[in-house]
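Asker: Sharing a structure with you now.
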Amino acid sequence: MEISLNACQSLLLGVAVGDALGVPVEFKQRAYLKQHPVTSMTGYGTHHQPAGTFSDDASLTFCLAESIASSFDLKQVARNFINWRNHNYWTATGEVFDVGITTQRAIDSLVQGASPELAGDEGENANGNGSLMRILPLIVYIKDKPVTERFEIIKQVSSVTHRHIRAVIACFYYLEFALELLQGKPKLEAYLSLQKTFPDTLRKLSVPQNEISIFIRLLVDRIDMIDEDQIYSSGYVLHTLEASIWCLLTTNTYTEAVLKAVNLGEDTDTTAAVTGGLAGLLYGFDSIPQNWLLTLARRDDIEDLALRLFNQSHSGGARA
Ligand SMILES: [Mg+2]
């Protein structure tokens with residue numbers, strides 16, 4: 001399957017713009033945002049950063065994309081993560097101002113020589129959204145591979161920071177959803193198609209049934225019919241995945257989807273980054289508001305990265 005330059009741009013910028021919209025109000029409660037909703041790119045607030053500043057979500061997304069753009073290698077992914085944390089690589093403004101606990105611990109382990117596929121915590125309590133928020137560029141590398149291989153690669157890339165099967169399943173579901181959108185399916189069709197196939201796919205991959213059952217609201221119920229007060233926006237990977245699919249399915253534009261995600265509150269930047277990646281792929285580059293792109297930090301660098309990602313996907317390297 002071919003991936004267009006537009007798709008490479010919109011997945012990277014879709015994540016970054018969502019992230020930047022959420023940064024100023026990270027940790028704000030939903031009740032507060034009902035009174036003071038985010039409607040555009042603003043600055044300062046929670047992390048005292050200027051408007052358009054993206055955070056760890058987009059930075060680590062770019063670190064992964066860099067490795068894929070120059071032929072995918074898990075060790076290089078790990079080096080890029082270390083470089084981000086310790087040398088501000090791919091930061092918006094030359095500073096790391098936010099890092100998740102599980103990600104920080106994994107990077108410490110990597111610095112001490114842990115192998116990348118074993119660096120992440122495999123504990124049940126380490127199921128934050130830190131691998132989900134940065135996984136999307138992997139679509140470029142895995143899109144033409146058989147499902148077993150897709151799962152194995154996603155597992156490795158998640159495991160650099162998040163090694164529990166639940167975080168891996170969340171990343172897998174998210175990328176399978178992205179793959180459906182890349183094939184041109186409408187969003188609800190993509191969602192319903194995954195309801196039919198994804199549980200069986202997991203069983204065939206020997207994922208324990210109790211872990212499959214945790215995803216019941218996505219895989220069996222209709223997440224798009226759930227009321228907002230039953231949609232959670234904490235840093236728990238299941239909450240982020242559910243909220244992002246809910247935001248995508250219950251809106252009709254990129255703008256509506258990411259603003260709905262931000263205004264759920266709490267982990268605003270990550271919920272909007274995860275939503276924004278899929279919304280970017282669904283609605284395309286032109287759907288991302290120009291004034292937001294003009295405000296976004298390092299927009300030219302991100303476009304350059306998208307171009308390199310696109311070139312790599314056509315060079316055969318990503319297909320090997
Ligand atoms: Mg963040």
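How things are named: the first chain in the structure tokens is A, the next is B, and so on; residues count from 1 in each chain; ligands count from 1 in the order shown.
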When DSSP is applied to the backbone of this structure, which of segment 122-252 of chain A are assigned helix (DSSP H, G or I)? Write them out as a PDB file with C-alpha atoms, in the first residue's frame.

Answerer:
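As a result, states-v3.pdb now contains:
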```pdb
ATOM      1  CA  GLU A 124       0.357  -3.880  35.240  1.00  0.00           C
ATOM      2  CA  ASN A 125       0.656  -0.500  36.936  1.00  0.00           C
ATOM      3  CA  ALA A 126       2.923   0.778  34.166  1.00  0.00           C
ATOM      4  CA  LEU A 132       0.550   5.002  22.522  1.00  0.00           C
ATOM      5  CA  MET A 133       1.226   8.743  22.208  1.00  0.00           C
ATOM      6  CA  ARG A 134       4.351   8.234  20.089  1.00  0.00           C
ATOM      7  CA  LEU A 138       5.298   3.127  12.766  1.00  0.00           C
ATOM      8  CA  ILE A 139       2.409   2.784  10.292  1.00  0.00           C
ATOM      9  CA  VAL A 140       4.838   3.733   7.524  1.00  0.00           C
ATOM     10  CA  TYR A 141       7.128   0.823   8.352  1.00  0.00           C
ATOM     11  CA  ILE A 142       4.575  -1.921   9.046  1.00  0.00           C
ATOM     12  CA  VAL A 147      -0.439  -9.061  10.851  1.00  0.00           C
ATOM     13  CA  THR A 148       1.768 -11.320  13.003  1.00  0.00           C
ATOM     14  CA  GLU A 149       4.799  -9.280  12.055  1.00  0.00           C
ATOM     15  CA  ARG A 150       2.956  -5.992  12.587  1.00  0.00           C
ATOM     16  CA  PHE A 151       2.090  -7.115  16.109  1.00  0.00           C
ATOM     17  CA  GLU A 152       5.644  -8.224  16.898  1.00  0.00           C
ATOM     18  CA  ILE A 153       7.152  -4.945  15.706  1.00  0.00           C
ATOM     19  CA  ILE A 154       4.573  -2.855  17.577  1.00  0.00           C
ATOM     20  CA  LYS A 155       5.283  -4.915  20.705  1.00  0.00           C
ATOM     21  CA  GLN A 156       9.013  -4.179  20.409  1.00  0.00           C
ATOM     22  CA  VAL A 157       8.509  -0.462  19.835  1.00  0.00           C
ATOM     23  CA  SER A 158       6.046  -0.113  22.712  1.00  0.00           C
ATOM     24  CA  SER A 159       8.339  -2.142  24.960  1.00  0.00           C
ATOM     25  CA  ILE A 165       0.562  -6.439  27.021  1.00  0.00           C
ATOM     26  CA  ARG A 166      -2.236  -3.894  27.614  1.00  0.00           C
ATOM     27  CA  ALA A 167      -0.136  -0.979  26.372  1.00  0.00           C
ATOM     28  CA  VAL A 168       0.942  -3.147  23.429  1.00  0.00           C
ATOM     29  CA  ILE A 169      -2.678  -4.014  22.540  1.00  0.00           C
ATOM     30  CA  ALA A 170      -3.617  -0.323  22.696  1.00  0.00           C
ATOM     31  CA  CYS A 171      -0.800   0.587  20.284  1.00  0.00           C
ATOM     32  CA  PHE A 172      -1.770  -2.337  18.025  1.00  0.00           C
ATOM     33  CA  TYR A 173      -5.440  -1.320  17.924  1.00  0.00           C
ATOM     34  CA  TYR A 174      -4.526   2.301  17.216  1.00  0.00           C
ATOM     35  CA  LEU A 175      -2.238   1.376  14.319  1.00  0.00           C
ATOM     36  CA  GLU A 176      -4.754  -1.107  12.885  1.00  0.00           C
ATOM     37  CA  PHE A 177      -7.332   1.703  12.992  1.00  0.00           C
ATOM     38  CA  ALA A 178      -4.852   3.986  11.210  1.00  0.00           C
ATOM     39  CA  LEU A 179      -4.302   1.281   8.598  1.00  0.00           C
ATOM     40  CA  GLU A 180      -8.063   1.104   7.926  1.00  0.00           C
ATOM     41  CA  LEU A 181      -8.144   4.892   7.466  1.00  0.00           C
ATOM     42  CA  LEU A 182      -5.114   4.740   5.177  1.00  0.00           C
ATOM     43  CA  LYS A 187     -14.227   6.194  10.259  1.00  0.00           C
ATOM     44  CA  LEU A 188     -17.295   4.249  11.424  1.00  0.00           C
ATOM     45  CA  GLU A 189     -16.663   1.531   8.860  1.00  0.00           C
ATOM     46  CA  ALA A 190     -13.072   1.317  10.091  1.00  0.00           C
ATOM     47  CA  TYR A 191     -14.301   1.017  13.667  1.00  0.00           C
ATOM     48  CA  LEU A 192     -16.905  -1.652  12.889  1.00  0.00           C
ATOM     49  CA  SER A 193     -14.481  -3.575  10.728  1.00  0.00           C
ATOM     50  CA  LEU A 194     -12.055  -3.778  13.671  1.00  0.00           C
ATOM     51  CA  GLN A 195     -14.885  -4.972  15.934  1.00  0.00           C
ATOM     52  CA  LYS A 196     -15.279  -7.938  13.583  1.00  0.00           C
ATOM     53  CA  THR A 197     -11.630  -8.856  13.181  1.00  0.00           C
ATOM     54  CA  PHE A 198      -9.517  -7.523  16.033  1.00  0.00           C
ATOM     55  CA  PRO A 199     -10.598  -9.833  18.898  1.00  0.00           C
ATOM     56  CA  ASP A 200      -9.897 -12.920  16.756  1.00  0.00           C
ATOM     57  CA  THR A 201      -6.583 -11.482  15.654  1.00  0.00           C
ATOM     58  CA  LEU A 202      -5.590 -11.062  19.310  1.00  0.00           C
ATOM     59  CA  ARG A 203      -6.666 -14.630  20.140  1.00  0.00           C
ATOM     60  CA  LYS A 204      -4.599 -15.972  17.264  1.00  0.00           C
ATOM     61  CA  GLN A 209      -8.680 -13.392  27.044  1.00  0.00           C
ATOM     62  CA  ASN A 210      -8.741 -11.347  30.262  1.00  0.00           C
ATOM     63  CA  GLU A 211      -6.645  -8.665  28.554  1.00  0.00           C
ATOM     64  CA  ILE A 212      -8.825  -8.737  25.424  1.00  0.00           C
ATOM     65  CA  SER A 213     -11.894  -8.266  27.641  1.00  0.00           C
ATOM     66  CA  ILE A 216     -14.754  -4.447  25.616  1.00  0.00           C
ATOM     67  CA  ARG A 217     -16.024  -0.870  25.212  1.00  0.00           C
ATOM     68  CA  LEU A 218     -14.128  -0.561  21.932  1.00  0.00           C
ATOM     69  CA  LEU A 219     -14.405  -4.127  20.675  1.00  0.00           C
ATOM     70  CA  ILE A 223     -17.893   3.496  22.017  1.00  0.00           C
ATOM     71  CA  ASP A 224     -19.431   6.265  19.884  1.00  0.00           C
ATOM     72  CA  MET A 225     -22.753   5.841  21.691  1.00  0.00           C
ATOM     73  CA  GLU A 228     -19.249  11.950  27.638  1.00  0.00           C
ATOM     74  CA  ASP A 229     -19.436  11.478  31.405  1.00  0.00           C
ATOM     75  CA  GLN A 230     -18.463   7.832  30.852  1.00  0.00           C
ATOM     76  CA  VAL A 237      -3.574   3.925  28.180  1.00  0.00           C
ATOM     77  CA  LEU A 238      -7.069   2.416  27.932  1.00  0.00           C
ATOM     78  CA  HIS A 239      -8.677   5.757  28.784  1.00  0.00           C
ATOM     79  CA  THR A 240      -6.615   7.592  26.178  1.00  0.00           C
ATOM     80  CA  LEU A 241      -7.361   5.057  23.459  1.00  0.00           C
ATOM     81  CA  GLU A 242     -11.098   4.995  24.210  1.00  0.00           C
ATOM     82  CA  ALA A 243     -11.307   8.786  24.439  1.00  0.00           C
ATOM     83  CA  SER A 244      -9.444   9.306  21.166  1.00  0.00           C
ATOM     84  CA  ILE A 245     -11.664   6.890  19.220  1.00  0.00           C
ATOM     85  CA  TRP A 246     -14.724   8.464  20.846  1.00  0.00           C
ATOM     86  CA  CYS A 247     -13.582  11.983  19.865  1.00  0.00           C
ATOM     87  CA  LEU A 248     -12.884  10.833  16.325  1.00  0.00           C
ATOM     88  CA  LEU A 249     -16.241   9.060  15.882  1.00  0.00           C
TER      89      LEU A 249
END
```

Asker: If the limit is 9 Å from any atom of ligand 1, counting only C-alpha atoms and all ligand atoms, which residues qualify? Return them as a tab-separated table (two decimals) with N, CA and C atoms, in the first residue's frame.

Answerer:
```
chain	number	residue	atom	x	y	z
A	19	ASP	N	-1.18	17.92	20.41
A	19	ASP	CA	-0.32	18.03	21.59
A	19	ASP	C	-0.21	19.50	22.03
A	20	ALA	N	0.14	20.38	21.09
A	20	ALA	CA	0.35	21.80	21.42
A	20	ALA	C	-0.93	22.48	21.91
A	22	GLY	N	-3.14	21.06	23.72
A	22	GLY	CA	-3.41	20.58	25.07
A	22	GLY	C	-2.41	21.01	26.12
A	23	VAL	N	-1.19	21.31	25.70
A	23	VAL	CA	-0.11	21.63	26.66
A	23	VAL	C	-0.49	22.72	27.69
A	26	GLU	N	-2.88	21.14	30.43
A	26	GLU	CA	-2.68	19.80	30.96
A	26	GLU	C	-3.04	19.79	32.45
A	54	PHE	N	4.92	22.04	21.37
A	54	PHE	CA	4.52	20.64	21.57
A	54	PHE	C	5.38	20.03	22.68
A	55	SER	N	4.95	18.89	23.22
A	55	SER	CA	5.64	18.29	24.37
A	55	SER	C	6.21	16.91	24.04
A	56	ASP	N	6.40	16.10	25.07
A	56	ASP	CA	6.98	14.76	24.91
A	56	ASP	C	6.26	13.89	23.87
A	57	ASP	N	4.94	14.05	23.79
A	57	ASP	CA	4.16	13.24	22.85
A	57	ASP	C	4.69	13.39	21.42
A	58	ALA	N	4.74	14.63	20.96
A	58	ALA	CA	5.20	14.87	19.59
A	58	ALA	C	6.71	14.65	19.47
A	59	SER	N	7.48	15.06	20.48
A	59	SER	CA	8.94	14.88	20.40
A	59	SER	C	9.30	13.41	20.21
A	97	PHE	N	10.23	19.70	29.13
A	97	PHE	CA	9.52	20.24	30.30
A	97	PHE	C	8.48	19.26	30.84
A	98	ASP	N	8.36	18.09	30.19
A	98	ASP	CA	7.39	17.11	30.68
A	98	ASP	C	7.86	15.73	30.24
A	99	VAL	N	7.87	14.80	31.18
A	99	VAL	CA	8.21	13.41	30.83
A	99	VAL	C	7.46	12.48	31.78
A	100	GLY	N	6.86	11.43	31.23
A	100	GLY	CA	6.12	10.46	32.04
A	100	GLY	C	7.06	9.63	32.90
A	130	GLY	N	2.17	6.43	27.51
A	130	GLY	CA	3.45	6.91	26.98
A	130	GLY	C	3.97	6.23	25.74
A	133	MET	N	1.15	7.35	22.69
A	133	MET	CA	1.23	8.74	22.21
A	133	MET	C	2.30	8.96	21.15
A	267	ASP	N	-5.37	14.63	31.02
A	267	ASP	CA	-4.20	14.44	30.14
A	267	ASP	C	-4.51	15.00	28.76
A	268	THR	N	-4.74	16.31	28.73
A	268	THR	CA	-5.25	16.99	27.54
A	268	THR	C	-4.33	16.86	26.32
A	269	ASP	N	-3.03	17.04	26.54
A	269	ASP	CA	-2.11	17.04	25.40
A	269	ASP	C	-2.03	15.66	24.76
A	270	THR	N	-1.99	14.62	25.59
A	270	THR	CA	-1.86	13.28	25.03
A	270	THR	C	-3.17	12.81	24.40
A	273	ALA	N	-3.23	14.59	21.18
A	273	ALA	CA	-2.19	14.12	20.25
A	273	ALA	C	-2.62	12.80	19.61
```

Asker: Skipping near chain neighbours, those fewer than 6 positions away, what residues fall within 8 Å of Ile82 of chain A using only C-alpha atoms, listed as a PDB file with N, CA and C atoms, in the first residue's frame?

Answerer:
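Full text of around_14.pdb as output:
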```pdb
ATOM      1  N   ILE A 107      14.122   5.196  30.034  1.00  0.00           N
ATOM      2  CA  ILE A 107      15.283   5.882  29.451  1.00  0.00           C
ATOM      3  C   ILE A 107      16.493   5.750  30.388  1.00  0.00           C
ATOM      4  N   LEU A 110      17.840   2.394  29.687  1.00  0.00           N
ATOM      5  CA  LEU A 110      18.551   2.386  28.398  1.00  0.00           C
ATOM      6  C   LEU A 110      19.945   2.977  28.553  1.00  0.00           C
ATOM      7  N   VAL A 111      20.038   4.069  29.300  1.00  0.00           N
ATOM      8  CA  VAL A 111      21.341   4.716  29.534  1.00  0.00           C
ATOM      9  C   VAL A 111      22.281   3.740  30.242  1.00  0.00           C
TER      10      VAL A 111
END
```

Asker: Which distance in Å separates atom CA of Leu12 of chain A and atom CA of Thr53 of chain A, to one decimal?

Answerer: 14.3 Å

Asker: Just asking: which residues within segment 35-240 of chain A are strand (DSSP E or B) according to DSSP, as a ChimeraX atom specification?

Answerer: /A:121,128,162,236

Asker: Next, the residues of the selection above should be written as an mmCIF file, in the first residue's frame with N, CA and C atoms.

Answerer:
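Generated output (part.cif):
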```
data_model
loop_
_atom_site.group_PDB
_atom_site.id
_atom_site.type_symbol
_atom_site.label_atom_id
_atom_site.label_comp_id
_atom_site.auth_asym_id
_atom_site.auth_seq_id
_atom_site.Cartn_x
_atom_site.Cartn_y
_atom_site.Cartn_z
ATOM 1 N N ASP A 121 8.914 -0.982 31.527
ATOM 2 C CA ASP A 121 8.334 -1.683 32.685
ATOM 3 C C ASP A 121 7.221 -2.604 32.186
ATOM 4 N N GLY A 128 0.532 3.402 31.453
ATOM 5 C CA GLY A 128 0.241 4.767 31.017
ATOM 6 C C GLY A 128 0.207 4.834 29.490
ATOM 7 N N HIS A 162 7.099 0.867 27.402
ATOM 8 C CA HIS A 162 5.908 0.248 28.005
ATOM 9 C C HIS A 162 5.776 -1.191 27.515
ATOM 10 N N TYR A 236 -4.072 6.848 31.804
ATOM 11 C CA TYR A 236 -4.156 5.390 31.626
ATOM 12 C C TYR A 236 -4.358 5.091 30.142
#
```

Asker: Which is closest to Ile231 of chain A among A:Ala272, A:Leu278, A:Ala261, A:Ala16, if we use only C-alpha atoms?

Answerer: A:Ala261

Asker: Quick one: pull the distance between atom CA of Leu293 of chain A and atom CA of Gly52 of chain A, Å, one decimal.

Answerer: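 The value is 8.2 Å.
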
Asker: Pick out the closest residue to Ser313 of chain A from this set: A:Leu296, A:Val220, A:Ala69, A:Val15. Count only C-alpha atoms.

Answerer: A:Ala69

Asker: Please, what distance in Å, to one decimal, runs between atom CA of Gly276 of chain A and atom CA of Tyr32 of chain A?

Answerer: 22.1 Å
